[in-house]
$ cat work-v5.tsv   # TSV, C-alpha atoms
chain	number	residue	atom	x	y	z
A	174	MET	CA	0.00	0.00	0.00
A	175	ARG	CA	1.53	3.34	-1.09
A	176	ASN	CA	1.56	6.57	0.91
A	177	PHE	CA	-1.05	9.28	0.36
A	178	ASP	CA	-0.03	12.05	-2.10
A	179	ILE	CA	-2.12	15.20	-1.65
A	180	ASN	CA	-1.11	16.38	-5.14
A	181	GLU	CA	-2.32	13.22	-6.91
A	182	ASP	CA	-4.83	11.33	-4.77
A	183	PRO	CA	-8.53	12.11	-4.18
A	184	HIS	CA	-9.10	13.63	-0.76
A	185	ARG	CA	-11.41	15.92	1.22
A	186	ARG	CA	-10.41	19.29	2.68
A	187	TYR	CA	-12.18	20.94	5.60
A	188	ASN	CA	-13.40	24.54	5.57
A	189	PRO	CA	-13.44	25.77	9.20
A	190	LEU	CA	-15.25	28.99	8.27
A	191	ILE	CA	-18.51	27.26	7.31
A	192	ASN	CA	-17.96	23.75	8.72
A	193	GLU	CA	-18.11	22.05	5.32
A	194	TRP	CA	-15.89	19.75	3.27
A	195	VAL	CA	-14.75	19.90	-0.36
A	196	LEU	CA	-13.74	16.86	-2.41
A	197	VAL	CA	-10.46	17.38	-4.30
A	198	SER	CA	-9.65	15.12	-7.27
A	199	PRO	CA	-6.30	16.35	-8.63
A	200	HIS	CA	-5.85	13.46	-11.08
A	201	ARG	CA	-8.95	14.64	-13.00
A	202	ALA	CA	-7.25	17.87	-14.04
A	203	LYS	CA	-5.49	15.82	-16.76
A	204	ARG	CA	-8.71	14.84	-18.54
A	205	PRO	CA	-9.45	16.32	-22.00
A	206	TRP	CA	-12.29	18.87	-22.21
A	207	GLN	CA	-15.16	18.45	-24.67
A	208	GLY	CA	-17.83	20.21	-22.65
A	209	GLN	CA	-19.48	23.62	-22.63
A	210	LYS	CA	-17.48	26.65	-23.72
A	211	GLU	CA	-18.58	30.19	-22.96
A	212	SER	CA	-18.52	32.96	-25.53
A	213	ILE	CA	-15.92	35.63	-24.80
A	214	ALA	CA	-17.44	39.07	-24.40
A	215	LYS	CA	-15.85	41.82	-26.47
A	216	ASP	CA	-14.18	44.46	-24.34
A	217	ASP	CA	-14.42	47.50	-26.57
A	218	ARG	CA	-16.53	49.79	-24.42
A	219	PRO	CA	-16.30	53.58	-24.77
A	220	GLU	CA	-15.31	55.79	-21.82
A	221	TYR	CA	-18.83	57.19	-21.84
A	222	ASP	CA	-21.95	55.37	-23.07
A	223	PRO	CA	-25.05	57.53	-23.60
A	224	GLU	CA	-27.22	54.39	-23.26
A	225	CYS	CA	-25.72	53.33	-19.88
A	226	TYR	CA	-27.95	54.13	-16.90
A	227	LEU	CA	-24.88	54.22	-14.61
A	228	CYS	CA	-22.79	56.75	-16.55
A	229	PRO	CA	-22.60	60.35	-15.24
A	230	GLY	CA	-25.45	62.64	-16.32
A	231	ASN	CA	-27.61	59.83	-17.72
A	232	ILE	CA	-31.21	59.09	-16.78
A	233	ARG	CA	-31.97	55.95	-14.79
A	234	VAL	CA	-35.11	53.84	-15.28
A	235	ASN	CA	-36.91	55.64	-12.42
A	236	GLY	CA	-36.47	58.98	-14.19
A	237	GLU	CA	-33.73	60.29	-11.90
A	238	GLU	CA	-30.66	61.89	-13.48
A	239	ASN	CA	-27.23	60.77	-12.29
A	240	PRO	CA	-24.99	63.62	-11.16
A	241	LYS	CA	-21.93	64.26	-13.30
A	242	TYR	CA	-19.85	62.44	-10.72
A	243	THR	CA	-16.06	62.37	-10.97
A	244	SER	CA	-15.27	59.69	-8.38
A	245	SER	CA	-17.37	56.91	-6.85
A	246	PHE	CA	-21.14	57.40	-6.82
A	247	VAL	CA	-23.70	55.65	-4.57
A	248	PHE	CA	-27.47	55.47	-4.94
A	249	GLU	CA	-30.31	53.27	-3.71
A	250	ASN	CA	-30.96	50.40	-6.13
A	251	ASP	CA	-33.91	51.14	-8.40
A	252	PHE	CA	-34.78	47.43	-8.26
A	253	ALA	CA	-33.95	46.80	-4.61
A	254	ALA	CA	-34.01	43.22	-3.30
A	255	LEU	CA	-34.84	44.55	0.18
A	256	LYS	CA	-37.34	47.14	1.39
A	257	GLN	CA	-37.03	49.54	4.32
A	258	GLU	CA	-40.64	49.65	5.41
A	259	GLU	CA	-41.66	47.95	8.64
A	260	ILE	CA	-44.72	45.72	8.31
A	261	ASN	CA	-46.92	43.79	10.69
A	262	PHE	CA	-46.88	40.01	10.54
A	263	GLU	CA	-48.09	37.06	12.54
A	264	ASP	CA	-45.15	35.18	14.07
A	265	ASN	CA	-45.14	31.60	12.81
A	266	SER	CA	-41.69	30.60	14.08
A	267	SER	CA	-43.17	27.51	15.71
A	268	ASP	CA	-44.39	26.18	12.36
A	269	THR	CA	-42.37	23.17	11.23
A	270	PHE	CA	-42.88	23.39	7.46
A	271	PHE	CA	-44.07	26.89	6.52
A	272	LYS	CA	-41.92	29.21	8.60
A	273	ALA	CA	-41.42	32.72	7.20
A	274	LYS	CA	-40.71	36.23	8.40
A	275	PRO	CA	-40.34	39.66	6.77
A	276	GLU	CA	-36.81	40.93	6.12
A	277	ARG	CA	-36.08	44.67	6.22
A	278	GLY	CA	-33.12	46.18	4.49
A	279	ILE	CA	-31.56	48.61	2.04
A	280	SER	CA	-29.95	47.86	-1.34
A	281	LYS	CA	-27.44	50.28	-2.85
A	282	VAL	CA	-25.36	50.49	-6.02
A	283	VAL	CA	-21.76	51.75	-5.90
A	284	CYS	CA	-20.32	53.03	-9.18
A	285	PHE	CA	-16.55	52.68	-8.85
A	286	SER	CA	-15.65	55.22	-11.54
A	287	PRO	CA	-17.35	57.56	-14.00
A	288	LYS	CA	-15.43	55.83	-16.80
A	289	HIS	CA	-17.60	53.17	-18.43
A	290	ASN	CA	-14.69	51.21	-19.93
A	291	LEU	CA	-12.66	50.43	-16.80
A	292	THR	CA	-12.55	47.56	-14.33
A	293	LEU	CA	-10.78	47.49	-10.96
A	294	PRO	CA	-7.38	46.27	-12.26
A	295	GLU	CA	-7.36	49.04	-14.88
A	296	MET	CA	-8.03	51.84	-12.39
A	297	ASP	CA	-5.30	53.87	-10.76
A	298	LEU	CA	-4.63	53.38	-7.06
A	299	ASP	CA	-6.21	56.71	-6.06
A	300	THR	CA	-9.48	55.61	-7.66
A	301	ILE	CA	-9.42	52.22	-5.90
A	302	GLU	CA	-8.63	53.91	-2.56
A	303	ASP	CA	-11.66	56.14	-3.14
A	304	VAL	CA	-13.80	53.02	-3.62
A	305	VAL	CA	-12.47	51.56	-0.35
A	306	ARG	CA	-13.30	54.80	1.50
A	307	THR	CA	-16.79	54.73	-0.01
A	308	TRP	CA	-17.23	51.19	1.32
A	309	GLN	CA	-16.11	52.45	4.73
A	310	LYS	CA	-18.63	55.31	4.70
A	311	GLU	CA	-21.49	53.06	3.64
A	312	TYR	CA	-20.64	50.38	6.20
A	313	THR	CA	-20.73	53.05	8.92
A	314	ALA	CA	-23.88	54.82	7.71
A	315	LEU	CA	-25.89	51.66	7.09
A	316	GLY	CA	-24.58	49.92	10.19
A	317	ASN	CA	-25.76	52.82	12.36
A	318	ILE	CA	-29.39	52.21	11.35
A	319	ASP	CA	-31.03	50.53	14.34
A	320	TYR	CA	-32.49	47.52	12.52
A	321	ILE	CA	-29.45	46.77	10.32
A	322	ASN	CA	-27.25	43.96	11.64
A	323	HIS	CA	-25.32	42.98	8.52
A	324	VAL	CA	-23.80	45.01	5.66
A	325	GLN	CA	-22.84	42.94	2.61
A	326	ILE	CA	-20.48	44.64	0.15
A	327	PHE	CA	-20.06	42.70	-3.10
A	328	GLU	CA	-19.34	42.85	-6.83
A	329	ASN	CA	-20.54	40.65	-9.68
A	330	LYS	CA	-18.12	41.18	-12.55
A	331	GLY	CA	-18.93	39.95	-16.04
A	332	SER	CA	-22.08	38.89	-17.85
A	333	VAL	CA	-21.34	35.24	-17.09
A	334	MET	CA	-21.87	36.13	-13.41
A	335	GLY	CA	-25.24	37.71	-14.14
A	336	CYS	CA	-23.98	41.28	-14.23
A	337	SER	CA	-26.52	43.24	-16.26
A	338	ASN	CA	-24.39	46.35	-16.86
A	339	PRO	CA	-20.64	46.42	-17.68
A	340	HIS	CA	-20.09	49.84	-16.09
A	341	PRO	CA	-17.69	49.28	-13.15
A	342	HIS	CA	-19.89	48.92	-10.10
A	343	GLY	CA	-20.73	46.81	-7.08
A	344	GLN	CA	-23.59	46.58	-4.65
A	345	ILE	CA	-24.30	46.81	-0.92
A	346	TRP	CA	-27.19	44.98	0.68
A	347	ALA	CA	-27.79	45.83	4.34
A	348	GLN	CA	-30.32	43.79	6.28
A	349	SER	CA	-31.72	42.95	9.69
A	350	SER	CA	-30.64	39.28	9.74
A	351	LEU	CA	-27.29	37.59	9.20
A	352	PRO	CA	-27.57	35.78	5.84
A	353	THR	CA	-26.94	32.04	5.82
A	354	GLN	CA	-23.26	31.98	4.80
A	355	VAL	CA	-22.41	34.81	7.20
A	356	GLU	CA	-24.29	33.14	10.04
A	357	LYS	CA	-22.34	29.91	9.45
A	358	THR	CA	-19.10	31.88	9.50
A	359	GLN	CA	-20.16	33.78	12.63
A	360	ASN	CA	-20.93	30.55	14.49
A	361	ASN	CA	-17.62	28.91	13.57
A	362	LEU	CA	-15.50	31.99	14.27
A	363	LYS	CA	-17.18	32.38	17.66
A	364	ALA	CA	-16.78	28.69	18.54
A	365	TYR	CA	-13.06	28.86	17.68
A	366	TYR	CA	-12.56	32.07	19.68
A	367	ASP	CA	-14.37	30.69	22.71
A	368	LYS	CA	-12.30	27.49	22.61
A	369	ASN	CA	-8.87	28.94	21.84
A	370	GLY	CA	-9.03	32.57	22.97
A	371	SER	CA	-7.69	33.68	19.58
A	372	ASN	CA	-8.95	34.59	16.13
A	373	LEU	CA	-9.38	31.75	13.59
A	374	LEU	CA	-8.35	33.69	10.48
A	375	VAL	CA	-5.43	35.42	12.20
A	376	ASP	CA	-4.13	32.01	13.32
A	377	TYR	CA	-4.78	30.50	9.88
A	378	LEU	CA	-2.94	33.31	8.12
A	379	GLN	CA	0.13	32.80	10.34
A	380	LYS	CA	0.27	29.16	9.20
A	381	GLU	CA	-0.07	30.19	5.55
A	382	LEU	CA	2.73	32.74	5.90
A	383	LEU	CA	5.04	29.97	7.12
A	384	THR	CA	4.48	27.70	4.11
A	385	LYS	CA	3.95	30.35	1.37
A	386	GLU	CA	2.43	27.58	-0.81
A	387	ARG	CA	-0.92	29.23	-1.45
A	388	ILE	CA	-0.01	32.94	-1.27
A	389	VAL	CA	-0.62	34.94	-4.46
A	390	VAL	CA	0.00	38.58	-3.45
A	391	GLU	CA	1.41	39.97	-0.21
A	392	ASN	CA	2.35	43.36	1.17
A	393	GLU	CA	2.90	44.85	4.63
A	394	HIS	CA	-0.82	44.91	5.48
A	395	PHE	CA	-2.68	42.24	3.46
A	396	VAL	CA	-2.32	38.79	1.93
A	397	ALA	CA	-4.23	37.42	-1.05
A	398	LEU	CA	-4.14	33.62	-1.09
A	399	VAL	CA	-5.95	30.57	-2.39
A	400	PRO	CA	-7.59	29.05	0.70
A	401	PHE	CA	-6.59	25.47	1.50
A	402	TRP	CA	-10.30	24.58	1.26
A	403	ALA	CA	-11.07	26.57	-1.94
A	404	VAL	CA	-13.97	25.30	-4.05
A	405	TRP	CA	-13.72	27.36	-7.25
A	406	PRO	CA	-10.66	26.68	-9.48
A	407	PHE	CA	-9.09	30.12	-8.97
A	408	GLU	CA	-10.84	31.15	-5.78
A	409	THR	CA	-8.89	33.56	-3.56
A	410	MET	CA	-9.29	35.39	-0.28
A	411	ILE	CA	-7.74	38.66	0.91
A	412	ILE	CA	-7.03	38.69	4.66
A	413	ALA	CA	-5.78	41.59	6.78
A	414	LYS	CA	-2.50	40.84	8.56
A	415	ARG	CA	-3.36	42.95	11.59
A	416	HIS	CA	-6.38	41.94	13.62
A	417	VAL	CA	-9.13	44.17	12.20
A	418	ALA	CA	-12.76	43.09	12.51
A	419	LYS	CA	-14.16	45.53	9.94
A	420	ILE	CA	-13.20	47.85	7.10
A	421	THR	CA	-13.62	50.95	9.27
A	422	ASP	CA	-10.76	49.73	11.47
A	423	PHE	CA	-8.26	50.34	8.64
A	424	THR	CA	-5.53	52.93	9.06
A	425	GLU	CA	-4.76	55.18	6.09
A	426	LYS	CA	-1.77	52.97	5.27
A	427	GLU	CA	-4.03	49.92	5.32
A	428	VAL	CA	-6.50	51.59	2.95
A	429	ALA	CA	-3.58	52.14	0.56
A	430	GLY	CA	-2.26	48.62	1.09
A	431	PHE	CA	-5.67	47.07	0.47
A	432	ALA	CA	-6.01	49.04	-2.78
A	433	VAL	CA	-2.63	47.73	-3.96
A	434	VAL	CA	-3.57	44.10	-3.29
A	435	LEU	CA	-6.97	44.55	-4.98
A	436	LYS	CA	-5.33	45.98	-8.09
A	437	LYS	CA	-2.57	43.34	-8.28
A	438	LEU	CA	-4.85	40.38	-7.64
A	439	THR	CA	-7.48	41.41	-10.18
A	440	ALA	CA	-4.72	42.18	-12.73
A	441	LYS	CA	-3.40	38.65	-12.28
A	442	TYR	CA	-6.91	37.33	-12.86
A	443	ASP	CA	-7.15	39.23	-16.16
A	444	ASN	CA	-3.63	38.15	-17.14
A	445	LEU	CA	-4.37	34.45	-16.59
A	446	PHE	CA	-6.38	34.09	-19.81
A	447	GLU	CA	-5.87	37.64	-21.13
A	448	THR	CA	-9.53	38.47	-20.74
A	449	SER	CA	-11.64	40.56	-18.40
A	450	PHE	CA	-11.88	37.85	-15.74
A	451	PRO	CA	-15.39	37.36	-14.31
A	452	TYR	CA	-15.98	36.76	-10.62
A	453	SER	CA	-18.26	37.34	-7.67
A	454	SER	CA	-16.43	38.98	-4.79
A	455	GLY	CA	-17.61	40.04	-1.37
A	456	ILE	CA	-16.36	41.38	1.95
A	457	HIS	CA	-17.02	39.49	5.17
A	458	GLN	CA	-16.60	41.47	8.36
A	459	ALA	CA	-18.12	42.01	11.80
A	460	PRO	CA	-21.91	42.36	12.12
A	461	THR	CA	-23.29	45.84	12.82
A	462	ASP	CA	-25.34	44.77	15.85
A	463	GLY	CA	-23.51	47.07	18.27
A	464	GLU	CA	-21.71	44.16	19.94
A	465	ASN	CA	-17.95	43.64	20.21
A	466	HIS	CA	-16.78	40.92	17.82
A	467	PRO	CA	-13.14	39.93	18.52
A	468	GLU	CA	-13.80	36.64	16.70
A	469	TRP	CA	-14.15	38.43	13.36
A	470	GLN	CA	-11.29	39.21	10.99
A	471	PHE	CA	-11.76	41.32	7.87
A	472	HIS	CA	-11.53	39.22	4.71
A	473	MET	CA	-12.71	39.38	1.11
A	474	HIS	CA	-13.69	36.39	-1.04
A	475	PHE	CA	-13.26	36.10	-4.81
A	476	TYR	CA	-15.18	33.33	-6.58
A	477	PRO	CA	-14.29	33.23	-10.31
A	478	PRO	CA	-16.04	30.62	-12.50
A	479	LEU	CA	-13.41	30.12	-15.21
A	480	LEU	CA	-11.68	26.73	-15.29
A	481	ARG	CA	-9.33	25.96	-18.17
A	482	SER	CA	-9.45	29.02	-20.41
A	483	ALA	CA	-11.38	32.22	-21.04
A	484	SER	CA	-14.15	30.12	-22.59
A	485	VAL	CA	-14.41	27.12	-20.23
A	486	LYS	CA	-16.54	27.67	-17.15
A	487	LYS	CA	-16.78	25.64	-13.94
A	488	PHE	CA	-20.34	24.47	-13.23
A	489	MET	CA	-21.71	23.17	-9.95
A	490	VAL	CA	-23.63	20.09	-11.09
A	491	GLY	CA	-24.31	16.44	-10.32
A	492	TYR	CA	-22.26	15.33	-7.34
A	493	GLU	CA	-21.71	18.93	-6.23
A	494	MET	CA	-25.45	19.59	-6.06
A	495	MET	CA	-26.29	16.21	-4.55
A	496	GLY	CA	-23.20	15.51	-2.44
A	497	GLU	CA	-20.64	18.24	-1.70
A	498	SER	CA	-18.39	20.73	-3.47
A	499	GLN	CA	-15.66	19.23	-5.66
A	500	ARG	CA	-12.63	20.55	-7.53
A	501	ASP	CA	-9.90	19.07	-9.71
A	502	ILE	CA	-7.01	21.54	-9.74
A	503	THR	CA	-5.48	21.81	-6.25
A	504	ALA	CA	-5.35	25.05	-4.29
A	505	GLU	CA	-1.55	24.87	-4.39
A	506	LYS	CA	-1.46	24.57	-8.19
A	507	SER	CA	-3.89	27.44	-8.83
A	508	ALA	CA	-2.00	29.62	-6.34
A	509	GLN	CA	1.27	28.95	-8.17
A	510	MET	CA	-0.32	29.77	-11.53
A	511	LEU	CA	-1.67	33.08	-10.24
A	512	ARG	CA	1.49	33.93	-8.27
A	513	ASP	CA	3.71	33.43	-11.32
A	514	LEU	CA	1.68	35.88	-13.42
A	515	SER	CA	2.67	39.52	-13.75
A	516	ASP	CA	0.66	41.95	-11.64
A	517	VAL	CA	0.90	44.53	-14.45
A	518	HIS	CA	-2.26	44.35	-16.55
A	519	TYR	CA	-1.76	42.67	-19.94
A	520	LYS	CA	-3.32	45.65	-21.78
A	521	ILE	CA	-0.54	48.00	-20.70
A	522	LYS	CA	2.50	45.70	-20.94

$ encode --input "work-v5.tsv" --output "structure tokens"
Amino acid sequence: MRNFDINEDPHRRYNPLINEWVLVSPHRAKRPWQGQKESIAKDDRPEYDPECYLCPGNIRVNGEENPKYTSSFVFENDFAALKQEEINFEDNSSDTFFKAKPERGISKVVCFSPKHNLTLPEMDLDTIEDVVRTWQKEYTALGNIDYINHVQIFENKGSVMGCSNPHPHGQIWAQSSLPTQVEKTQNNLKAYYDKNGSNLLVDYLQKELLTKERIVVENEHFVALVPFWAVWPFETMIIAKRHVAKITDFTEKEVAGFAVVLKKLTAKYDNLFETSFPYSSGIHQAPTDGENHPEWQFHMHFYPPLLRSASVKKFMVGYEMMGESQRDITAEKSAQMLRDLSDVHYKIK
């Protein structure tokens, strides 16, 4: 009987953030691909598009005119997933099968730049820092509303991720409850802190910094790495080096350092297949319930769907829908591929 080889043999990896496992099958990465290929979107957008409802000075669907903004611009989503109004309802929490409750919240859109033809890796650092400060302001303002307990900052980039407008933008959904993935993370972070008296992600990052195997980008303040338990082929996570529970804890140097890592990581994504790399990204940080949360550590997830090229997408099907998440390429291999890429965007080389 031979010894286990983590780079060749099927195995499961544990995700301590959400208490789930992922099946890793590295030998399958060698199989030929004859499956679905995605069309590659043309990236020939103008700096200003008179038909774009997010560009400065244009009219949105509700009839409001955007200001001629020159930096980031925030407005309440015209098609908000959450509503602010408080409504009466009959509590049915004791019902076994038909439990439901209203959910209050606010949905906002954050335009990163007035320029229609840019994405994060193509923006200058001052512009990205401005976006980070906008996130800080919105986290504070929304979190100070008495019924808001969670502020979710996220970006869907690319039509393949369901993004309906290519203008550089993200969203913020603030709500009264902790959403499912955040609640799982909260429970596991708290259980680890109560047991060990330390922060799970701070401890995890120290282990990663010793091996360097899965680190993609690093500076004085932040690390971008492929988590040991990553599900998506080129999934990454940015973690603050200093213990900071939320984005408003950043120093000015950390704002600048975070902007640098954001720009370099997203440039590497684009450089991988020399295309505008699609992804869903989102920030996880302390709830805004007014409580102290030493168990939380600021981190940002990136979940890109591309697998083998700019036209081959990873789908969650079959075993993954019926059993558990599964991946072929190992976290170590995808980290090496990303790490070895230039962090200068391919369009300006």

$ residues_near_point --input "work-v5.tsv" --point "(-12.4, 16.8, -6.2)" --cutoff "10 Å" --atoms "all atoms listed in the file" --output "count of residues only"
22

$ closest_residue --input "work-v5.tsv" --among "A:Val304, A:Ala347, A:Ala314, A:Leu480" --to "Arg277 in chain A" --atoms "only C-alpha atoms"
A:Ala347

$ residues_around --input "work-v5.tsv" --residues "range 315-332 of chain A" --least-positions-apart "6" --cutoff "9 Å" --atoms "only C-alpha atoms" --output "ChimeraX atom specification"
/A:214,277-279,292,308,338-339,341-352,355,449-463

$ write_last_selection --input "work-v5.tsv" --atoms "C-alpha atoms" --output "compact mmCIF listing (two decimals), in the frame of the given file"
# COMPACT_ATOMS: atom_id res chain seq x y z
CA ALA A 214 -17.44 39.07 -24.40
CA ARG A 277 -36.08 44.67 6.22
CA GLY A 278 -33.12 46.18 4.49
CA ILE A 279 -31.56 48.61 2.04
CA THR A 292 -12.55 47.56 -14.33
CA TRP A 308 -17.23 51.19 1.32
CA ASN A 338 -24.39 46.35 -16.86
CA PRO A 339 -20.64 46.42 -17.68
CA PRO A 341 -17.69 49.28 -13.15
CA HIS A 342 -19.89 48.92 -10.10
CA GLY A 343 -20.73 46.81 -7.08
CA GLN A 344 -23.59 46.58 -4.65
CA ILE A 345 -24.30 46.81 -0.92
CA TRP A 346 -27.19 44.98 0.68
CA ALA A 347 -27.79 45.83 4.34
CA GLN A 348 -30.32 43.79 6.28
CA SER A 349 -31.72 42.95 9.69
CA SER A 350 -30.64 39.28 9.74
CA LEU A 351 -27.29 37.59 9.20
CA PRO A 352 -27.57 35.78 5.84
CA VAL A 355 -22.41 34.81 7.20
CA SER A 449 -11.64 40.56 -18.40
CA PHE A 450 -11.88 37.85 -15.74
CA PRO A 451 -15.39 37.36 -14.31
CA TYR A 452 -15.98 36.76 -10.62
CA SER A 453 -18.26 37.34 -7.67
CA SER A 454 -16.43 38.98 -4.79
CA GLY A 455 -17.61 40.04 -1.37
CA ILE A 456 -16.36 41.38 1.95
CA HIS A 457 -17.02 39.49 5.17
CA GLN A 458 -16.60 41.47 8.36
CA ALA A 459 -18.12 42.01 11.80
CA PRO A 460 -21.91 42.36 12.12
CA THR A 461 -23.29 45.84 12.82
CA ASP A 462 -25.34 44.77 15.85
CA GLY A 463 -23.51 47.07 18.27

$ axis_aligned_box --input "work-v5.tsv" --around "range 283-293 of chain A" --padding-each-side "5 Å" --output "JSON"
{"center_x": -16.3, "center_y": 52.5, "center_z": -12.9, "size_x": 21.0, "size_y": 20.1, "size_z": 24.0}

$ residues_around --input "work-v5.tsv" --residues "range 243-247 of chain A" --least-positions-apart "5" --cutoff "12 Å" --atoms "all atoms listed in the file" --output "JSON, numbers by chain"
{"A": [227, 228, 229, 230, 280, 281, 282, 283, 284, 285, 286, 287, 288, 289, 296, 297, 299, 300, 301, 302, 303, 304, 305, 306, 307, 308, 310, 311, 340, 341, 342, 343, 344, 345]}

$ atom_distance --input "work-v5.tsv" --atom1 "CA of Asn235 in chain A" --atom2 "CA of Glu249 in chain A"
11.2 Å

$ residues_around --input "work-v5.tsv" --residues "range 384-400 of chain A" --least-positions-apart "4" --cutoff "8 Å" --atoms "all atoms listed in the file" --output "VMD selection string"
chain A and resid 380 407 to 415 427 430 to 431 434 437 to 438 504 to 505 507 to 509 511 to 512

$ write_last_selection --input "work-v5.tsv" --atoms "C-alpha atoms" --output "short mmCIF file (atom, residue, chain, number, x, y, z; two decimals), in the coordinates of the input"
data_model
loop_
_atom_site.label_atom_id
_atom_site.label_comp_id
_atom_site.auth_asym_id
_atom_site.auth_seq_id
_atom_site.Cartn_x
_atom_site.Cartn_y
_atom_site.Cartn_z
CA LYS A 380 0.27 29.16 9.20
CA PHE A 407 -9.09 30.12 -8.97
CA GLU A 408 -10.84 31.15 -5.78
CA THR A 409 -8.89 33.56 -3.56
CA MET A 410 -9.29 35.39 -0.28
CA ILE A 411 -7.74 38.66 0.91
CA ILE A 412 -7.03 38.69 4.66
CA ALA A 413 -5.78 41.59 6.78
CA LYS A 414 -2.50 40.84 8.56
CA ARG A 415 -3.36 42.95 11.59
CA GLU A 427 -4.03 49.92 5.32
CA GLY A 430 -2.26 48.62 1.09
CA PHE A 431 -5.67 47.07 0.47
CA VAL A 434 -3.57 44.10 -3.29
CA LYS A 437 -2.57 43.34 -8.28
CA LEU A 438 -4.85 40.38 -7.64
CA ALA A 504 -5.35 25.05 -4.29
CA GLU A 505 -1.55 24.87 -4.39
CA SER A 507 -3.89 27.44 -8.83
CA ALA A 508 -2.00 29.62 -6.34
CA GLN A 509 1.27 28.95 -8.17
CA LEU A 511 -1.67 33.08 -10.24
CA ARG A 512 1.49 33.93 -8.27
#

$ closest_residue --input "work-v5.tsv" --among "A:Leu190, A:Leu445, A:Val417, A:Met174" --to "Tyr365 in chain A" --atoms "only C-alpha atoms"
A:Leu190

$ atom_distance --input "work-v5.tsv" --atom1 "CA of His474 in chain A" --atom2 "CA of Pro406 in chain A"
13.2 Å
